[in-house]
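These notes are about the structure you will find just below.
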Amino acid sequence: MMKEITKNILTKVIRKRPADSFKGTYGKIVLIGGNRNFGGAIIMASLAAVCSGAGLVTTITDPTNQTSLHDWLPEAMFVDYNDFETASPIIKGADVIVIGPGLGTDNIALSLLTKTFEVAHTNQTLIIDGSALTLLAHNHLSLPKSSLNILTPHQMEWQRVSGIEIADQNPTANQRIADQLKAIIVVKSHRTEVYANGKVYQNTGGTPAQATGGMGDTLAGLIGGFTAQFENKTAATLAAVYTHSAIADKLAKKQYVVLPHQISEALPKFMFKNQESKNDN
Ligand SMILES: NC(=O)C1=CN([C@@H]2O[C@H](COP(=O)(O)OP(=O)(O)OC[C@H]3O[C@@H](n4cnc5c(N)ncnc54)[C@H](OP(=O)(O)O)[C@@H]3O)[C@@H](O)[C@H]2O)[C@@H](O)CC1
Ligand SMILES: Nc1ncnc2c1ncn2[C@@H]1O[C@H](COP(=O)(O)OP(=O)(O)O)[C@@H](O)[C@H]1O
Ligand SMILES: [Mg+2]
């Protein structure tokens, strides 16, 4: 049975911030990706992570992206993705790792992915998106065993990872592979589906105004921000998927296209309106 992802999920997940808290309360997140050509992808993912309230964000990327990253997002820290010695302790110390947006599929990318899989540990959430999914499939890598893994494929990436042709992708077939992978799988489409703990959830929002490069990179950063802050990781993933499309639907009432960074910019107000105490009291 497919369950619908609706607005109800928001107030269950987006909690009121306790007064006695600091940036560490809201999670340390690292985002790994952005080669020379795809810097925008990791910047968009990082923007979503910061705007969704992650406490401390570090972006590990090609050094050619450093200036534009800080131009968009002075809140993010930067580490050169060629310098694994510096990156390694930061990756190990993170609550959430997002890997793949704009990572590319060259040797640096593969080496970063395998090293990240090696250091990933218990109590970490690992979000695998974009090029990291393509690398995972093409190199027959195994997912790390101890971290909670969340995969965010579009339909072609899911074909690569699962072996199920796009035309044959359906809840029964997808569920079987999701069970084997022991991961939360977000299969993105115009009606995104989430496979988690033996259940299937279908999103009820989303608009073709979202069909723009970077929209999935933004979702990966948003899932990162939500899982960094909120306890129940399945619920946080569902709430992130819903939030991403609900903001787009709202903007699309007055815009022909919705740009990924506009979703991130709308997050603080959207989360304010849809937080716990707003409807629970
Ligand atoms: N500004 C930046 O830096 C940006 C950087 N980006 C980064 O680029 C990297 C590569 O990611 P990618 O998704 O662009 O390429 P890939 O994995 O080859 O998939 C495309 C192939 O699959 C096919 N396809 C079929 N169904 C599909 C579906 N439902 N959804 C999507 N595709 C579908 C599709 O068919 P076609 O469109 O040709 O008909 C095509 O043949 C990755 O790291 C990403 O983060 C982008 O985010 C853009 C902005
Ligand atoms: N027609 C559509 N209706 C609803 N959502 C869409 C539509 N087209 C794309 N999206 C959303 O946009 C995102 C695209 O992700 P992805 O293909 O990974 O983009 P990118 O890698 O360029 O960032 C997904 O979240 C998907 O659900
Ligand atoms: Mg993508």
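How things are named: the first chain in the structure tokens is A, the next is B, and so on; residues count from 1 in each chain; ligands count from 1 in the order shown.
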Step by step, measure atom-to-atom distances between ligand 3 and each residue using only C-alpha atoms and all ligand atoms, keep those at most 10 Å, then write them as a PyMOL selection string. chain A and resi 41+100-102+129-133+152-157+188+213-220
Based on the selection just made, write C-alpha atoms of those residues as a PDB file, in the first residue's frame.
```
ATOM      1  CA  ALA A  41      25.442  21.788  -8.058  1.00  0.00           C
ATOM      2  CA  GLY A 100      27.475  13.523  -5.224  1.00  0.00           C
ATOM      3  CA  PRO A 101      25.974  16.786  -6.477  1.00  0.00           C
ATOM      4  CA  GLY A 102      28.235  17.824  -9.354  1.00  0.00           C
ATOM      5  CA  ASP A 129      23.019  11.789  -4.925  1.00  0.00           C
ATOM      6  CA  GLY A 130      23.871  12.590  -8.533  1.00  0.00           C
ATOM      7  CA  SER A 131      27.297  11.446  -9.737  1.00  0.00           C
ATOM      8  CA  ALA A 132      27.861   9.405  -6.563  1.00  0.00           C
ATOM      9  CA  LEU A 133      24.938   7.172  -7.595  1.00  0.00           C
ATOM     10  CA  THR A 152      18.167  10.208  -4.042  1.00  0.00           C
ATOM     11  CA  PRO A 153      18.176   8.953  -7.666  1.00  0.00           C
ATOM     12  CA  HIS A 154      16.282  10.363 -10.631  1.00  0.00           C
ATOM     13  CA  GLN A 155      14.833   7.613 -12.789  1.00  0.00           C
ATOM     14  CA  MET A 156      17.977   7.088 -14.900  1.00  0.00           C
ATOM     15  CA  GLU A 157      20.192   6.991 -11.823  1.00  0.00           C
ATOM     16  CA  LYS A 188      12.504  11.318  -7.965  1.00  0.00           C
ATOM     17  CA  GLY A 213      19.043  21.650 -13.546  1.00  0.00           C
ATOM     18  CA  GLY A 214      19.948  21.909  -9.879  1.00  0.00           C
ATOM     19  CA  MET A 215      16.498  21.087  -8.532  1.00  0.00           C
ATOM     20  CA  GLY A 216      17.654  17.652  -7.330  1.00  0.00           C
ATOM     21  CA  ASP A 217      20.916  19.053  -5.948  1.00  0.00           C
ATOM     22  CA  THR A 218      18.756  21.380  -3.862  1.00  0.00           C
ATOM     23  CA  LEU A 219      16.638  18.468  -2.598  1.00  0.00           C
ATOM     24  CA  ALA A 220      19.778  16.566  -1.544  1.00  0.00           C
TER      25      ALA A 220
END
```
Write out as a PyMOL selection string the residues lying within 12 Å of Gly198 of chain A, counting only C-alpha atoms and excluding same-chain residues fewer than 5 positions away. chain A and resi 1-3+171-172+174-185+234
Write out the residues from the selection above, keeping C-alpha atoms, as a PDB file, in the first residue's frame.
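Resulting contents of out.pdb:
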```
ATOM      1  CA  MET A   1       0.000   0.000   0.000  1.00  0.00           C
ATOM      2  CA  MET A   2       1.289   3.387  -1.012  1.00  0.00           C
ATOM      3  CA  LYS A   3       0.976   6.102   1.646  1.00  0.00           C
ATOM      4  CA  PRO A 171       6.566   0.056  -6.431  1.00  0.00           C
ATOM      5  CA  THR A 172       6.910  -3.737  -6.209  1.00  0.00           C
ATOM      6  CA  ASN A 174      11.577  -0.814  -6.536  1.00  0.00           C
ATOM      7  CA  GLN A 175      10.736  -2.089  -3.049  1.00  0.00           C
ATOM      8  CA  ARG A 176      12.595  -5.339  -3.654  1.00  0.00           C
ATOM      9  CA  ILE A 177      15.842  -3.521  -4.461  1.00  0.00           C
ATOM     10  CA  ALA A 178      15.292  -0.969  -1.675  1.00  0.00           C
ATOM     11  CA  ASP A 179      15.076  -3.896   0.789  1.00  0.00           C
ATOM     12  CA  GLN A 180      18.305  -5.386  -0.560  1.00  0.00           C
ATOM     13  CA  LEU A 181      20.108  -2.058  -0.251  1.00  0.00           C
ATOM     14  CA  LYS A 182      18.794  -1.548   3.319  1.00  0.00           C
ATOM     15  CA  ALA A 183      18.576   2.179   2.608  1.00  0.00           C
ATOM     16  CA  ILE A 184      15.976   4.908   2.302  1.00  0.00           C
ATOM     17  CA  ILE A 185      15.440   5.437  -1.428  1.00  0.00           C
ATOM     18  CA  THR A 234      12.504   8.709   7.705  1.00  0.00           C
TER      19      THR A 234
END
```
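Of the residues under consideration (A:Leu31, A:Val186, A:Val79, A:Val50), A:Leu31 shows the shortest atom-to-atom contact distance to Leu113 of chain A when counting only C-alpha atoms.
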Can you check which residues of segment 32-259 of chain A DSSP gives as helix (DSSP H, G or I) on the backbone and send them as a CSV table (one decimal) with N, CA and C atoms, in the first residue's frame?
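Here's the written file out-v3.csv:
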```
chain,number,residue,atom,x,y,z
A,39,GLY,N,30.3,23.1,-10.4
A,39,GLY,CA,30.4,23.8,-9.1
A,39,GLY,C,29.0,24.3,-8.6
A,40,GLY,N,28.2,24.7,-9.5
A,40,GLY,CA,26.8,25.1,-9.2
A,40,GLY,C,26.0,24.1,-8.4
A,41,ALA,N,26.2,22.8,-8.7
A,41,ALA,CA,25.4,21.8,-8.1
A,41,ALA,C,25.7,21.7,-6.6
A,42,ILE,N,27.0,21.8,-6.2
A,42,ILE,CA,27.3,21.7,-4.7
A,42,ILE,C,27.0,23.0,-4.0
A,43,ILE,N,27.0,24.1,-4.8
A,43,ILE,CA,26.7,25.4,-4.1
A,43,ILE,C,25.2,25.4,-3.9
A,44,MET,N,24.4,24.9,-4.8
A,44,MET,CA,22.9,24.8,-4.6
A,44,MET,C,22.6,23.9,-3.5
A,45,ALA,N,23.2,22.8,-3.4
A,45,ALA,CA,23.0,21.8,-2.3
A,45,ALA,C,23.4,22.4,-1.0
A,46,SER,N,24.5,23.2,-0.9
A,46,SER,CA,24.9,23.8,0.3
A,46,SER,C,24.0,24.9,0.7
A,47,LEU,N,23.5,25.6,-0.2
A,47,LEU,CA,22.5,26.7,0.0
A,47,LEU,C,21.3,26.1,0.7
A,48,ALA,N,20.8,25.0,0.2
A,48,ALA,CA,19.6,24.4,0.8
A,48,ALA,C,19.9,23.9,2.2
A,49,ALA,N,21.1,23.4,2.4
A,49,ALA,CA,21.4,22.9,3.8
A,49,ALA,C,21.4,24.1,4.8
A,50,VAL,N,22.1,25.2,4.4
A,50,VAL,CA,22.1,26.3,5.3
A,50,VAL,C,20.7,26.9,5.5
A,51,CYS,N,20.0,27.1,4.4
A,51,CYS,CA,18.7,27.8,4.5
A,51,CYS,C,17.7,26.9,5.3
A,63,PRO,N,38.8,23.5,-5.7
A,63,PRO,CA,39.1,24.9,-5.2
A,63,PRO,C,38.6,26.0,-6.2
A,64,THR,N,38.4,25.7,-7.5
A,64,THR,CA,37.9,26.7,-8.4
A,64,THR,C,36.5,27.2,-7.9
A,65,ASN,N,35.8,26.5,-7.1
A,65,ASN,CA,34.5,26.9,-6.7
A,65,ASN,C,34.4,27.7,-5.4
A,66,GLN,N,35.6,27.9,-4.8
A,66,GLN,CA,35.6,28.5,-3.4
A,66,GLN,C,35.0,30.0,-3.4
A,67,THR,N,35.4,30.8,-4.4
A,67,THR,CA,35.0,32.2,-4.4
A,67,THR,C,33.5,32.3,-4.6
A,68,SER,N,33.0,31.5,-5.6
A,68,SER,CA,31.6,31.6,-5.9
A,68,SER,C,30.7,31.0,-4.7
A,69,LEU,N,31.3,30.0,-4.1
A,69,LEU,CA,30.6,29.4,-2.9
A,69,LEU,C,30.4,30.5,-1.9
A,70,HIS,N,31.5,31.2,-1.6
A,70,HIS,CA,31.4,32.2,-0.5
A,70,HIS,C,30.6,33.5,-0.9
A,71,ASP,N,30.6,33.7,-2.2
A,71,ASP,CA,29.8,34.8,-2.7
A,71,ASP,C,28.3,34.5,-2.5
A,72,TRP,N,27.9,33.3,-2.7
A,72,TRP,CA,26.5,32.9,-2.4
A,72,TRP,C,26.3,32.6,-0.9
A,84,PHE,N,42.4,15.2,1.1
A,84,PHE,CA,41.7,14.3,2.0
A,84,PHE,C,42.1,14.3,3.4
A,85,GLU,N,43.4,14.6,3.6
A,85,GLU,CA,44.0,14.7,4.9
A,85,GLU,C,43.2,15.7,5.8
A,86,THR,N,42.9,16.9,5.2
A,86,THR,CA,42.1,17.9,5.9
A,86,THR,C,40.7,17.5,6.0
A,87,ALA,N,40.2,16.9,4.9
A,87,ALA,CA,38.7,16.6,4.8
A,87,ALA,C,38.3,15.5,5.7
A,88,SER,N,39.2,14.5,5.9
A,88,SER,CA,38.8,13.2,6.6
A,88,SER,C,38.3,13.5,8.0
A,89,PRO,N,39.0,14.2,8.9
A,89,PRO,CA,38.4,14.4,10.2
A,89,PRO,C,37.1,15.2,10.2
A,90,ILE,N,36.9,16.1,9.2
A,90,ILE,CA,35.7,16.8,9.1
A,90,ILE,C,34.5,15.9,8.7
A,91,ILE,N,34.8,15.0,7.8
A,91,ILE,CA,33.8,14.0,7.3
A,91,ILE,C,33.5,13.1,8.5
A,92,LYS,N,34.5,12.7,9.2
A,92,LYS,CA,34.3,11.8,10.4
A,92,LYS,C,33.5,12.4,11.5
A,107,ASN,N,38.5,10.1,-11.7
A,107,ASN,CA,39.2,9.3,-10.6
A,107,ASN,C,39.2,10.0,-9.3
A,108,ILE,N,39.3,11.3,-9.3
A,108,ILE,CA,39.2,12.1,-8.0
A,108,ILE,C,37.9,11.8,-7.3
A,109,ALA,N,36.8,11.8,-8.2
A,109,ALA,CA,35.5,11.6,-7.7
A,109,ALA,C,35.3,10.2,-7.1
A,110,LEU,N,35.8,9.2,-7.8
A,110,LEU,CA,35.7,7.8,-7.3
A,110,LEU,C,36.5,7.6,-6.0
A,111,SER,N,37.7,8.2,-6.0
A,111,SER,CA,38.5,8.1,-4.8
A,111,SER,C,37.8,8.8,-3.6
A,112,LEU,N,37.2,10.0,-3.8
A,112,LEU,CA,36.5,10.6,-2.7
A,112,LEU,C,35.4,9.8,-2.2
A,113,LEU,N,34.6,9.2,-3.2
A,113,LEU,CA,33.5,8.4,-2.8
A,113,LEU,C,33.9,7.1,-2.0
A,114,THR,N,34.9,6.4,-2.5
A,114,THR,CA,35.3,5.2,-1.8
A,114,THR,C,35.9,5.5,-0.4
A,115,LYS,N,36.7,6.6,-0.3
A,115,LYS,CA,37.2,7.0,1.0
A,115,LYS,C,36.1,7.5,2.0
A,116,THR,N,35.1,8.1,1.4
A,116,THR,CA,34.0,8.6,2.3
A,116,THR,C,33.2,7.3,2.8
A,117,PHE,N,33.0,6.4,1.9
A,117,PHE,CA,32.4,5.1,2.3
A,117,PHE,C,33.2,4.4,3.4
A,118,GLU,N,34.5,4.5,3.3
A,118,GLU,CA,35.4,3.8,4.3
A,118,GLU,C,35.3,4.5,5.7
A,119,VAL,N,35.1,5.8,5.7
A,119,VAL,CA,35.1,6.5,7.0
A,119,VAL,C,33.7,6.7,7.6
A,130,GLY,N,23.2,12.2,-7.3
A,130,GLY,CA,23.9,12.6,-8.5
A,130,GLY,C,25.0,11.6,-9.0
A,131,SER,N,26.2,12.2,-9.2
A,131,SER,CA,27.3,11.4,-9.7
A,131,SER,C,27.7,10.3,-8.8
A,132,ALA,N,27.5,10.5,-7.5
A,132,ALA,CA,27.9,9.4,-6.6
A,132,ALA,C,27.0,8.1,-6.8
A,133,LEU,N,25.8,8.3,-7.3
A,133,LEU,CA,24.9,7.2,-7.6
A,133,LEU,C,25.4,6.5,-8.9
A,134,THR,N,25.8,7.3,-9.8
A,134,THR,CA,26.4,6.7,-11.1
A,134,THR,C,27.7,6.0,-10.8
A,135,LEU,N,28.5,6.6,-10.0
A,135,LEU,CA,29.8,5.9,-9.6
A,135,LEU,C,29.5,4.6,-8.8
A,136,LEU,N,28.5,4.7,-7.9
A,136,LEU,CA,28.2,3.5,-7.1
A,136,LEU,C,27.8,2.3,-8.0
A,137,ALA,N,26.9,2.7,-9.0
A,137,ALA,CA,26.4,1.6,-10.0
A,137,ALA,C,27.5,1.1,-10.9
A,138,HIS,N,28.3,2.0,-11.5
A,138,HIS,CA,29.3,1.6,-12.5
A,138,HIS,C,30.4,0.9,-11.9
A,155,GLN,N,15.2,8.9,-12.3
A,155,GLN,CA,14.8,7.6,-12.8
A,155,GLN,C,16.0,6.9,-13.5
A,156,MET,N,16.8,7.7,-14.2
A,156,MET,CA,18.0,7.1,-14.9
A,156,MET,C,19.0,6.6,-13.9
A,157,GLU,N,19.2,7.4,-12.9
A,157,GLU,CA,20.2,7.0,-11.8
A,157,GLU,C,19.7,5.7,-11.1
A,158,TRP,N,18.4,5.7,-10.9
A,158,TRP,CA,17.8,4.5,-10.3
A,158,TRP,C,17.9,3.3,-11.2
A,159,GLN,N,17.8,3.5,-12.5
A,159,GLN,CA,18.0,2.4,-13.4
A,159,GLN,C,19.4,1.9,-13.3
A,160,ARG,N,20.4,2.8,-13.2
A,160,ARG,CA,21.8,2.4,-13.1
A,160,ARG,C,22.0,1.6,-11.8
A,161,VAL,N,21.5,2.1,-10.7
A,161,VAL,CA,21.7,1.5,-9.4
A,161,VAL,C,21.0,0.2,-9.2
A,162,SER,N,19.7,0.2,-9.6
A,162,SER,CA,18.8,-1.0,-9.3
A,162,SER,C,18.8,-2.0,-10.4
A,166,ILE,N,13.8,2.1,-16.7
A,166,ILE,CA,12.8,3.1,-16.3
A,166,ILE,C,11.3,2.7,-16.6
A,167,ALA,N,11.1,2.0,-17.7
A,167,ALA,CA,9.7,1.6,-18.1
A,167,ALA,C,9.2,0.5,-17.1
A,168,ASP,N,10.1,-0.2,-16.5
A,168,ASP,CA,9.7,-1.3,-15.6
A,168,ASP,C,9.7,-0.9,-14.1
A,171,PRO,N,6.3,0.2,-7.9
A,171,PRO,CA,6.6,0.1,-6.4
A,171,PRO,C,7.0,-1.3,-6.0
A,172,THR,N,6.5,-2.4,-6.6
A,172,THR,CA,6.9,-3.7,-6.2
A,172,THR,C,8.4,-4.0,-6.6
A,173,ALA,N,8.7,-3.7,-7.8
A,173,ALA,CA,10.1,-3.9,-8.2
A,173,ALA,C,11.1,-3.0,-7.4
A,174,ASN,N,10.7,-1.8,-7.3
A,174,ASN,CA,11.6,-0.8,-6.5
A,174,ASN,C,11.8,-1.2,-5.1
A,175,GLN,N,10.7,-1.7,-4.5
A,175,GLN,CA,10.7,-2.1,-3.0
A,175,GLN,C,11.7,-3.2,-2.8
A,176,ARG,N,11.7,-4.2,-3.8
A,176,ARG,CA,12.6,-5.3,-3.7
A,176,ARG,C,14.1,-4.9,-3.6
A,177,ILE,N,14.4,-4.0,-4.5
A,177,ILE,CA,15.8,-3.5,-4.5
A,177,ILE,C,16.1,-2.6,-3.2
A,178,ALA,N,15.1,-1.8,-2.9
A,178,ALA,CA,15.3,-1.0,-1.7
A,178,ALA,C,15.6,-1.8,-0.4
A,179,ASP,N,14.9,-3.0,-0.3
A,179,ASP,CA,15.1,-3.9,0.8
A,179,ASP,C,16.5,-4.5,0.8
A,180,GLN,N,16.9,-4.8,-0.4
A,180,GLN,CA,18.3,-5.4,-0.6
A,180,GLN,C,19.4,-4.4,-0.2
A,181,LEU,N,19.1,-3.1,-0.5
A,181,LEU,CA,20.1,-2.1,-0.3
A,181,LEU,C,20.1,-1.6,1.2
A,208,PRO,N,5.8,21.0,-13.0
A,208,PRO,CA,6.8,21.0,-14.1
A,208,PRO,C,7.7,22.3,-14.1
A,209,ALA,N,7.2,23.3,-13.4
A,209,ALA,CA,8.0,24.5,-13.2
A,209,ALA,C,9.4,24.2,-12.5
A,210,GLN,N,9.4,23.0,-11.9
A,210,GLN,CA,10.6,22.5,-11.2
A,210,GLN,C,11.6,21.9,-12.1
A,215,MET,N,17.6,21.3,-9.4
A,215,MET,CA,16.5,21.1,-8.5
A,215,MET,C,16.7,19.9,-7.6
A,216,GLY,N,17.4,18.8,-8.1
A,216,GLY,CA,17.7,17.7,-7.3
A,216,GLY,C,18.8,17.9,-6.4
A,217,ASP,N,19.8,18.7,-6.8
A,217,ASP,CA,20.9,19.1,-5.9
A,217,ASP,C,20.4,19.8,-4.7
A,218,THR,N,19.4,20.6,-5.0
A,218,THR,CA,18.8,21.4,-3.9
A,218,THR,C,18.0,20.4,-2.9
A,219,LEU,N,17.3,19.4,-3.5
A,219,LEU,CA,16.6,18.5,-2.6
A,219,LEU,C,17.6,17.7,-1.7
A,220,ALA,N,18.8,17.3,-2.3
A,220,ALA,CA,19.8,16.6,-1.5
A,220,ALA,C,20.3,17.4,-0.3
A,221,GLY,N,20.5,18.7,-0.6
A,221,GLY,CA,20.9,19.6,0.5
A,221,GLY,C,19.8,19.8,1.6
A,222,LEU,N,18.6,19.8,1.1
A,222,LEU,CA,17.5,20.0,2.0
A,222,LEU,C,17.2,18.7,2.9
A,223,ILE,N,17.3,17.6,2.3
A,223,ILE,CA,17.2,16.3,3.1
A,223,ILE,C,18.4,16.3,4.1
A,224,GLY,N,19.6,16.8,3.7
A,224,GLY,CA,20.7,16.9,4.6
A,224,GLY,C,20.4,17.8,5.8
A,225,GLY,N,19.8,19.0,5.5
A,225,GLY,CA,19.5,19.9,6.6
A,225,GLY,C,18.5,19.4,7.5
A,226,PHE,N,17.4,18.7,7.0
A,226,PHE,CA,16.4,18.2,7.8
A,226,PHE,C,16.9,17.0,8.7
A,227,THR,N,17.6,16.1,8.0
A,227,THR,CA,18.1,14.9,8.8
A,227,THR,C,19.2,15.4,9.9
A,228,ALA,N,19.9,16.5,9.6
A,228,ALA,CA,20.8,17.0,10.6
A,228,ALA,C,20.1,17.5,11.8
A,229,GLN,N,18.9,18.0,11.7
A,229,GLN,CA,18.2,18.6,12.8
A,229,GLN,C,17.2,17.8,13.5
A,233,LYS,N,14.7,10.0,11.1
A,233,LYS,CA,15.3,10.3,9.8
A,233,LYS,C,14.3,10.0,8.6
A,234,THR,N,13.5,9.0,8.8
A,234,THR,CA,12.5,8.7,7.7
A,234,THR,C,11.5,9.9,7.6
A,235,ALA,N,11.0,10.3,8.7
A,235,ALA,CA,10.0,11.4,8.7
A,235,ALA,C,10.7,12.7,8.2
A,236,ALA,N,12.0,12.9,8.6
A,236,ALA,CA,12.7,14.1,8.1
A,236,ALA,C,12.8,14.1,6.6
A,237,THR,N,13.1,12.9,6.0
A,237,THR,CA,13.2,12.7,4.6
A,237,THR,C,11.9,13.0,3.9
A,238,LEU,N,10.8,12.5,4.4
A,238,LEU,CA,9.5,12.7,3.9
A,238,LEU,C,9.1,14.2,3.9
A,239,ALA,N,9.5,14.8,5.1
A,239,ALA,CA,9.1,16.2,5.2
A,239,ALA,C,10.0,17.1,4.2
A,240,ALA,N,11.2,16.7,4.0
A,240,ALA,CA,12.0,17.5,3.1
A,240,ALA,C,11.5,17.3,1.6
A,241,VAL,N,11.1,16.1,1.3
A,241,VAL,CA,10.5,15.9,-0.1
A,241,VAL,C,9.3,16.8,-0.2
A,242,TYR,N,8.4,16.8,0.8
A,242,TYR,CA,7.2,17.5,0.7
A,242,TYR,C,7.5,19.0,0.6
A,243,THR,N,8.4,19.5,1.5
A,243,THR,CA,8.7,20.9,1.6
A,243,THR,C,9.2,21.5,0.2
A,244,HIS,N,10.1,20.7,-0.4
A,244,HIS,CA,10.7,21.0,-1.7
A,244,HIS,C,9.6,21.3,-2.7
A,245,SER,N,8.7,20.4,-2.8
A,245,SER,CA,7.6,20.6,-3.9
A,245,SER,C,6.6,21.6,-3.4
A,246,ALA,N,6.3,21.7,-2.1
A,246,ALA,CA,5.3,22.6,-1.7
A,246,ALA,C,5.7,24.1,-1.9
A,247,ILE,N,7.0,24.3,-1.7
A,247,ILE,CA,7.5,25.7,-2.0
A,247,ILE,C,7.4,26.0,-3.5
A,248,ALA,N,7.8,25.0,-4.3
A,248,ALA,CA,7.8,25.1,-5.8
A,248,ALA,C,6.3,25.3,-6.2
A,249,ASP,N,5.4,24.6,-5.7
A,249,ASP,CA,4.0,24.7,-6.1
A,249,ASP,C,3.5,26.1,-5.8
A,250,LYS,N,3.9,26.7,-4.7
A,250,LYS,CA,3.4,28.0,-4.3
A,250,LYS,C,4.0,29.0,-5.2
A,251,LEU,N,5.3,28.9,-5.5
A,251,LEU,CA,6.0,29.9,-6.4
A,251,LEU,C,5.4,29.8,-7.8
A,252,ALA,N,5.1,28.6,-8.2
A,252,ALA,CA,4.6,28.3,-9.6
A,252,ALA,C,3.2,28.9,-9.9
```
Per-residue DSSP, segment 32-240 of chain A, filtered to strand (DSSP E), as a PyMOL selection string: chain A and resi 32+56-61+77-80+96-99+125-128+148-151+184-187+193-196+199-203
Take the residues just selected and output them with N, CA and C atoms as a CSV table (one decimal), in the first residue's frame.
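Contents of the output file again04.csv:
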```
chain,number,residue,atom,x,y,z
A,32,ILE,N,29.9,17.1,-0.2
A,32,ILE,CA,31.0,16.7,-1.1
A,32,ILE,C,30.6,16.6,-2.5
A,56,LEU,N,26.0,23.8,11.2
A,56,LEU,CA,27.4,24.1,10.7
A,56,LEU,C,27.6,23.3,9.4
A,57,VAL,N,27.9,24.1,8.4
A,57,VAL,CA,28.0,23.5,7.0
A,57,VAL,C,29.4,23.6,6.5
A,58,THR,N,29.9,22.5,6.0
A,58,THR,CA,31.2,22.5,5.3
A,58,THR,C,31.1,22.0,3.9
A,59,THR,N,31.6,22.7,2.9
A,59,THR,CA,31.5,22.3,1.6
A,59,THR,C,32.9,21.8,1.1
A,60,ILE,N,33.0,20.6,0.7
A,60,ILE,CA,34.2,20.0,0.2
A,60,ILE,C,34.2,19.9,-1.3
A,61,THR,N,34.9,20.7,-2.0
A,61,THR,CA,34.8,20.9,-3.4
A,61,THR,C,36.0,21.3,-4.1
A,77,MET,N,31.7,26.7,5.3
A,77,MET,CA,33.2,26.6,5.4
A,77,MET,C,33.6,25.8,4.1
A,78,PHE,N,34.8,26.0,3.7
A,78,PHE,CA,35.3,25.4,2.5
A,78,PHE,C,36.5,24.5,2.8
A,79,VAL,N,36.5,23.3,2.1
A,79,VAL,CA,37.7,22.5,2.1
A,79,VAL,C,38.0,22.0,0.7
A,80,ASP,N,39.2,22.0,0.3
A,80,ASP,CA,39.6,21.5,-1.1
A,80,ASP,C,39.4,20.0,-1.1
A,96,VAL,N,25.9,14.5,9.3
A,96,VAL,CA,25.3,14.2,8.0
A,96,VAL,C,26.3,14.5,6.9
A,97,ILE,N,26.4,13.6,6.0
A,97,ILE,CA,27.3,13.7,4.8
A,97,ILE,C,26.4,13.7,3.5
A,98,VAL,N,26.5,14.7,2.7
A,98,VAL,CA,25.8,14.6,1.4
A,98,VAL,C,26.9,14.5,0.3
A,99,ILE,N,26.9,13.4,-0.5
A,99,ILE,CA,27.9,13.3,-1.5
A,99,ILE,C,27.3,13.1,-2.9
A,125,THR,N,24.3,10.0,9.0
A,125,THR,CA,23.4,9.9,7.9
A,125,THR,C,24.2,10.2,6.6
A,126,LEU,N,24.2,9.4,5.6
A,126,LEU,CA,24.9,9.6,4.4
A,126,LEU,C,23.9,9.7,3.2
A,127,ILE,N,23.9,10.8,2.6
A,127,ILE,CA,23.0,11.1,1.5
A,127,ILE,C,23.7,11.0,0.2
A,128,ILE,N,23.3,10.0,-0.7
A,128,ILE,CA,24.1,9.8,-1.9
A,128,ILE,C,23.2,10.2,-3.1
A,148,LEU,N,23.4,5.4,8.3
A,148,LEU,CA,22.1,5.3,7.7
A,148,LEU,C,22.2,5.9,6.3
A,149,ASN,N,21.9,5.1,5.3
A,149,ASN,CA,22.1,5.6,3.9
A,149,ASN,C,20.8,6.0,3.2
A,150,ILE,N,20.8,7.2,2.6
A,150,ILE,CA,19.7,7.7,1.9
A,150,ILE,C,20.1,8.0,0.4
A,151,LEU,N,19.5,7.3,-0.5
A,151,LEU,CA,19.8,7.5,-1.9
A,151,LEU,C,18.7,8.3,-2.6
A,184,ILE,N,17.2,4.1,2.7
A,184,ILE,CA,16.0,4.9,2.3
A,184,ILE,C,16.2,5.3,0.9
A,185,ILE,N,15.3,5.1,0.0
A,185,ILE,CA,15.4,5.4,-1.4
A,185,ILE,C,14.4,6.5,-1.8
A,186,VAL,N,14.9,7.6,-2.3
A,186,VAL,CA,13.9,8.6,-2.8
A,186,VAL,C,14.0,8.6,-4.4
A,187,VAL,N,13.0,8.0,-5.0
A,187,VAL,CA,13.0,7.9,-6.5
A,187,VAL,C,12.3,9.1,-7.0
A,193,GLU,N,8.6,9.1,-5.2
A,193,GLU,CA,8.3,8.1,-4.2
A,193,GLU,C,9.5,7.9,-3.2
A,194,VAL,N,9.1,7.6,-2.0
A,194,VAL,CA,10.1,7.3,-1.0
A,194,VAL,C,9.9,5.9,-0.5
A,195,TYR,N,11.0,5.1,-0.5
A,195,TYR,CA,11.0,3.7,0.0
A,195,TYR,C,11.7,3.7,1.3
A,196,ALA,N,11.1,3.3,2.4
A,196,ALA,CA,11.7,3.3,3.7
A,196,ALA,C,11.1,2.3,4.6
A,199,LYS,N,8.1,0.3,3.6
A,199,LYS,CA,6.9,1.1,3.2
A,199,LYS,C,7.2,2.0,2.0
A,200,VAL,N,6.1,2.3,1.2
A,200,VAL,CA,6.3,3.2,0.1
A,200,VAL,C,5.4,4.4,0.3
A,201,TYR,N,6.0,5.6,0.1
A,201,TYR,CA,5.3,6.8,0.3
A,201,TYR,C,5.3,7.6,-1.1
A,202,GLN,N,4.2,8.2,-1.4
A,202,GLN,CA,4.2,9.0,-2.7
A,202,GLN,C,3.9,10.5,-2.4
A,203,ASN,N,4.8,11.3,-2.9
A,203,ASN,CA,4.6,12.8,-2.7
A,203,ASN,C,3.3,13.2,-3.4
```
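Take atom 20 (C, counted along the ligand's line) of ligand 1 and atom CA of Gln124 of chain A: the distance between them is 28.6 Å.
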